[in-house]
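Report on the structure given below.
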Amino acid sequence: MVQPAWQDPVLLAPEAAPAPEYGTGSLADLLPTLAAGQGVPGFEAMIPELSPADRNCVFLIDGLGWEQITAHPDEAPFLHSLLPTSRGGTGRPITSGFPSTTATSLASVGTGRTPGEHGLPGYTVRNPDTGALMNQLRWRPWTDLKPWQPYPTVFQLADAAGVRTAQVSAPGFEQTPLTKVALSGGSFLGRLTGEDRMDLAAERLAAGDRSLVYTYYSEVDGQGHRFGVDSDAWRGQLMYVDGLARRLAEQLPPRSALYVTADHGMIDVPFGEESRIDFDEDWELSAGVALLGGEGRARHVYAVPGAASDVLAVWREVLGEQFWVASRDEAIAAGWFGPHVDERVHGRIGDVVAAAHDDVVITASVNEPHESAMVGMHGSLTPVEQLVPLLEVRS
């Protein structure tokens, strides 16, 4: 129905946005559930549908959301065949967290904590101590690790409890700050090829009577960003990673459970002024803004002192039909970052937080030329970005 011109626009309410399933079915709940089943002290089963196993392996495929698997049975026959096993045989996905982006999600996986606790609530966020934007994926500018993310990882606690733990990933990730704050504990084993990672993950899984192994593959996300999830390059990566998952599943030692999951999904955003709003060229959106953080579909907006309410009003007026636009307090109250936000994390969250509802992004062509040129995007609360698989194979 066409809305009469005289009627006020219908703005999206922040409290109506689909918040992640923290505490019952999110990425932050996965490793605590597995560790609880292995008898690691201090953990409880947060995802009730999962059954304990002595040996657990998590294979995280960057960028491969639930809807991407369901839409591509021909390219991913093995993964598609596992859809009924997701979330303990319920055939349902779990959620990432907010924002649905790699740094936030990997921190949630590794620490077993929500973004409001572990403190990586976005791709780029303001450091309250310096006032500068900090890129949490690339860790620029350098920031001391322990104050930024003080909690132990699940791997560290499991290792201390006698569980044989290992991360099997690309060698270049071993010394990255994100790995250290989110995924450290036990052994890091670097392998270049996906096949070598699958083989070694299965080997390390068999090495302990109780074992917890994590392995990772990134290029599904990489091709999606470059060419989109509707591209041949992306489909080629999906076919490849489907074979990797099958290779790992076929090598599981006895008493094992393999969980295939992802950090987020992805959506292709059309090029054009209607779908790509350039902050750097928009005087209205930039008025009163000191820093623009986050990413195209999940923006943290930091206002100059005294301008937060005005910035909120303008962003809501301009974008409120296409984005959930919330104040910091509204986003926290709506549970976007979890049921609790630590005091040290509070100032990292934008004065205004904008999460895309439609197929639209807020780019920054001058300050973020690389990110602004991407085809595939993610970060928001929509199902295509939020819902991730938890496919299961047992031996």
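Convention: chains lettered A, B, ... in structure tokens order; per-chain residue numbering from 1; ligands numbered from 1 as shown.
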Give me the residues of stretch 14-125 of chain A that have any atom at most 12 Å from an atom of stretch 243-249 of chain A; for each, the nearest atom pair and the distance in Å, rounded to one decimal. Use only C-alpha atoms, sort by chain and number, and format it as JSON lines.
{"residue": "A:Asn56", "atom": "CA", "partner": "A:Ala249", "partner_atom": "CA", "distance": 11.8}
{"residue": "A:Cys57", "atom": "CA", "partner": "A:Leu248", "partner_atom": "CA", "distance": 9.6}
{"residue": "A:Val58", "atom": "CA", "partner": "A:Leu248", "partner_atom": "CA", "distance": 10.6}
{"residue": "A:Phe59", "atom": "CA", "partner": "A:Ala245", "partner_atom": "CA", "distance": 7.9}
{"residue": "A:Leu60", "atom": "CA", "partner": "A:Ala245", "partner_atom": "CA", "distance": 10.0}
{"residue": "A:Ile61", "atom": "CA", "partner": "A:Ala245", "partner_atom": "CA", "distance": 9.5}
{"residue": "A:Glu75", "atom": "CA", "partner": "A:Gly243", "partner_atom": "CA", "distance": 10.0}
{"residue": "A:Ala76", "atom": "CA", "partner": "A:Gly243", "partner_atom": "CA", "distance": 8.2}
{"residue": "A:Pro77", "atom": "CA", "partner": "A:Gly243", "partner_atom": "CA", "distance": 9.1}
{"residue": "A:Phe78", "atom": "CA", "partner": "A:Arg246", "partner_atom": "CA", "distance": 6.5}
{"residue": "A:Leu79", "atom": "CA", "partner": "A:Ala245", "partner_atom": "CA", "distance": 7.5}
{"residue": "A:His80", "atom": "CA", "partner": "A:Ala245", "partner_atom": "CA", "distance": 11.2}
{"residue": "A:Ser81", "atom": "CA", "partner": "A:Arg246", "partner_atom": "CA", "distance": 10.8}
{"residue": "A:Leu82", "atom": "CA", "partner": "A:Arg246", "partner_atom": "CA", "distance": 10.4}
Could the residues in this selection be saved with N, CA and C atoms as a PDB file, in the first residue's frame?
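Result file is selection_19.pdb:
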ATOM      1  N   ASN A  56      35.496 -32.639  20.795  1.00  0.00           N
ATOM      2  CA  ASN A  56      34.707 -31.661  20.057  1.00  0.00           C
ATOM      3  C   ASN A  56      35.598 -30.901  19.086  1.00  0.00           C
ATOM      4  N   CYS A  57      35.105 -30.737  17.857  1.00  0.00           N
ATOM      5  CA  CYS A  57      35.800 -29.935  16.853  1.00  0.00           C
ATOM      6  C   CYS A  57      34.836 -28.902  16.290  1.00  0.00           C
ATOM      7  N   VAL A  58      35.267 -27.656  16.241  1.00  0.00           N
ATOM      8  CA  VAL A  58      34.494 -26.569  15.645  1.00  0.00           C
ATOM      9  C   VAL A  58      35.212 -26.119  14.383  1.00  0.00           C
ATOM     10  N   PHE A  59      34.522 -26.209  13.267  1.00  0.00           N
ATOM     11  CA  PHE A  59      35.035 -25.734  11.981  1.00  0.00           C
ATOM     12  C   PHE A  59      34.245 -24.475  11.632  1.00  0.00           C
ATOM     13  N   LEU A  60      34.915 -23.322  11.713  1.00  0.00           N
ATOM     14  CA  LEU A  60      34.248 -22.050  11.450  1.00  0.00           C
ATOM     15  C   LEU A  60      34.612 -21.565  10.048  1.00  0.00           C
ATOM     16  N   ILE A  61      33.590 -21.410   9.221  1.00  0.00           N
ATOM     17  CA  ILE A  61      33.762 -20.949   7.841  1.00  0.00           C
ATOM     18  C   ILE A  61      33.349 -19.493   7.792  1.00  0.00           C
ATOM     19  N   GLU A  75      25.901 -26.458  -5.010  1.00  0.00           N
ATOM     20  CA  GLU A  75      27.302 -26.124  -4.748  1.00  0.00           C
ATOM     21  C   GLU A  75      27.804 -26.702  -3.430  1.00  0.00           C
ATOM     22  N   ALA A  76      26.905 -26.941  -2.479  1.00  0.00           N
ATOM     23  CA  ALA A  76      27.297 -27.442  -1.161  1.00  0.00           C
ATOM     24  C   ALA A  76      26.457 -28.651  -0.778  1.00  0.00           C
ATOM     25  N   PRO A  77      26.550 -29.735  -1.520  1.00  0.00           N
ATOM     26  CA  PRO A  77      25.683 -30.886  -1.237  1.00  0.00           C
ATOM     27  C   PRO A  77      25.900 -31.500   0.138  1.00  0.00           C
ATOM     28  N   PHE A  78      27.167 -31.539   0.583  1.00  0.00           N
ATOM     29  CA  PHE A  78      27.415 -32.137   1.896  1.00  0.00           C
ATOM     30  C   PHE A  78      26.866 -31.258   3.013  1.00  0.00           C
ATOM     31  N   LEU A  79      27.216 -29.981   3.004  1.00  0.00           N
ATOM     32  CA  LEU A  79      26.719 -29.084   4.038  1.00  0.00           C
ATOM     33  C   LEU A  79      25.197 -28.997   4.006  1.00  0.00           C
ATOM     34  N   HIS A  80      24.627 -28.951   2.828  1.00  0.00           N
ATOM     35  CA  HIS A  80      23.170 -28.878   2.715  1.00  0.00           C
ATOM     36  C   HIS A  80      22.515 -30.121   3.301  1.00  0.00           C
ATOM     37  N   SER A  81      23.156 -31.278   3.116  1.00  0.00           N
ATOM     38  CA  SER A  81      22.594 -32.524   3.662  1.00  0.00           C
ATOM     39  C   SER A  81      22.595 -32.537   5.184  1.00  0.00           C
ATOM     40  N   LEU A  82      23.457 -31.688   5.784  1.00  0.00           N
ATOM     41  CA  LEU A  82      23.557 -31.637   7.243  1.00  0.00           C
ATOM     42  C   LEU A  82      22.591 -30.643   7.875  1.00  0.00           C
TER      43      LEU A  82
END
Close residues, A:Ala313 itself excluded, 12 Å, only C-alpha atoms, min 3 positions apart in chain, as JSON, numbers by chain: {"A": [11, 284, 285, 287, 288, 303, 307, 308, 309, 310, 316, 317, 318, 319, 320, 325, 326, 327, 351, 352]}
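Compared by their closest atoms to A:Ala16, and using only C-alpha atoms, the residues A:Leu192, A:Val154, A:Leu205, A:Ala334 rank with A:Ala334 nearest.
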Nearby residues (only C-alpha atoms) at most 8 Å from stretch 162-165 of chain A, same-chain spacing under 5 positions excluded, as a list of chain:residue names: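 Non-adjacent residues within range: A:Gln38, A:Phe155, A:Gly185, A:Gly186, A:Ser187, A:Ala207, A:Gly208, A:Asp209, A:Arg210, A:Ser211, A:Leu212, A:Val213.
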Separation of atom CA of A:Leu178 from atom CA of A:Leu106, in Å and rounded to one decimal: 8.3 Å
Can I get the residues of stretch 299-390 of chain A within 7 Å of stretch 115-123 of chain A, each with the closest pair of atoms and their distance in Å to one decimal, using only C-alpha atoms, sorted chain first then ascending number, as JSON lines?
{"residue": "A:Phe337", "atom": "CA", "partner": "A:Gly116", "partner_atom": "CA", "distance": 4.9}
{"residue": "A:Gly338", "atom": "CA", "partner": "A:Gly116", "partner_atom": "CA", "distance": 5.7}
{"residue": "A:His340", "atom": "CA", "partner": "A:Gly116", "partner_atom": "CA", "distance": 6.0}
{"residue": "A:Val341", "atom": "CA", "partner": "A:Gly116", "partner_atom": "CA", "distance": 4.0}
{"residue": "A:Asp342", "atom": "CA", "partner": "A:Glu117", "partner_atom": "CA", "distance": 5.4}
{"residue": "A:Val345", "atom": "CA", "partner": "A:Gly119", "partner_atom": "CA", "distance": 5.3}
{"residue": "A:Ile349", "atom": "CA", "partner": "A:Pro121", "partner_atom": "CA", "distance": 6.9}
Atom-to-atom span, atom CA of A:Glu219 and atom CA of A:Val353, Å: 28.7 Å
Can you build me a table of stretch 293-346 of chain A residues sitting at most 7 Å from stretch 125-133 of chain A, with the closest atom pair per residue and its distance in Å to one decimal, using only C-alpha atoms, sorted by chain and residue number, as a Markdown table?
| residue | atom | partner | partner_atom | distance |
| --- | --- | --- | --- | --- |
| A:Gly293 | CA | A:Val125 | CA | 5.4 |
| A:Gly294 | CA | A:Val125 | CA | 6.2 |
| A:His300 | CA | A:Val125 | CA | 6.9 |
Coordinates-based distance that separates atom CA of A:Gly376 from atom CA of A:Asp282 (Å, one decimal):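 Atom CA of A:Gly376 lies 22.6 Å from atom CA of A:Asp282.
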Expected answer as a ChimeraX atom specification: strand (DSSP E or B) residues in stretch 192-379 of chain A: /A:211-217,256-261,267-268,276-278,289-295,298-303,323-327,352-356,361-363,376-377
Per-residue DSSP, stretch 103-247 of chain A, filtered to alpha helix (DSSP H), as a PyMOL selection string: chain A and resi 103-111+115-118+145-148+154-160+177-182+194-206+219-227+232-247
Selection near A:Thr261, 10 Å with only C-alpha atoms, sequence-local residues under 4 positions removed, as a ChimeraX atom specification: /A:27,30,58-66,86,93-94,96,216,388-392
Among listed residues A:Val301, A:Ala202, A:Val375, A:Ala170, nearest A:Phe271 (using only C-alpha atoms): A:Val375
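When only C-alpha atoms are used to compute distances to A:His72, the closest of the residues A:Gly236, A:Gly306, A:Pro9, A:Gly110 turns out to be A:Gly236.
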Nearest candidate to A:Ala161 (options A:Tyr214, A:Phe323, A:Phe188, A:Phe43; using only C-alpha atoms): A:Phe43
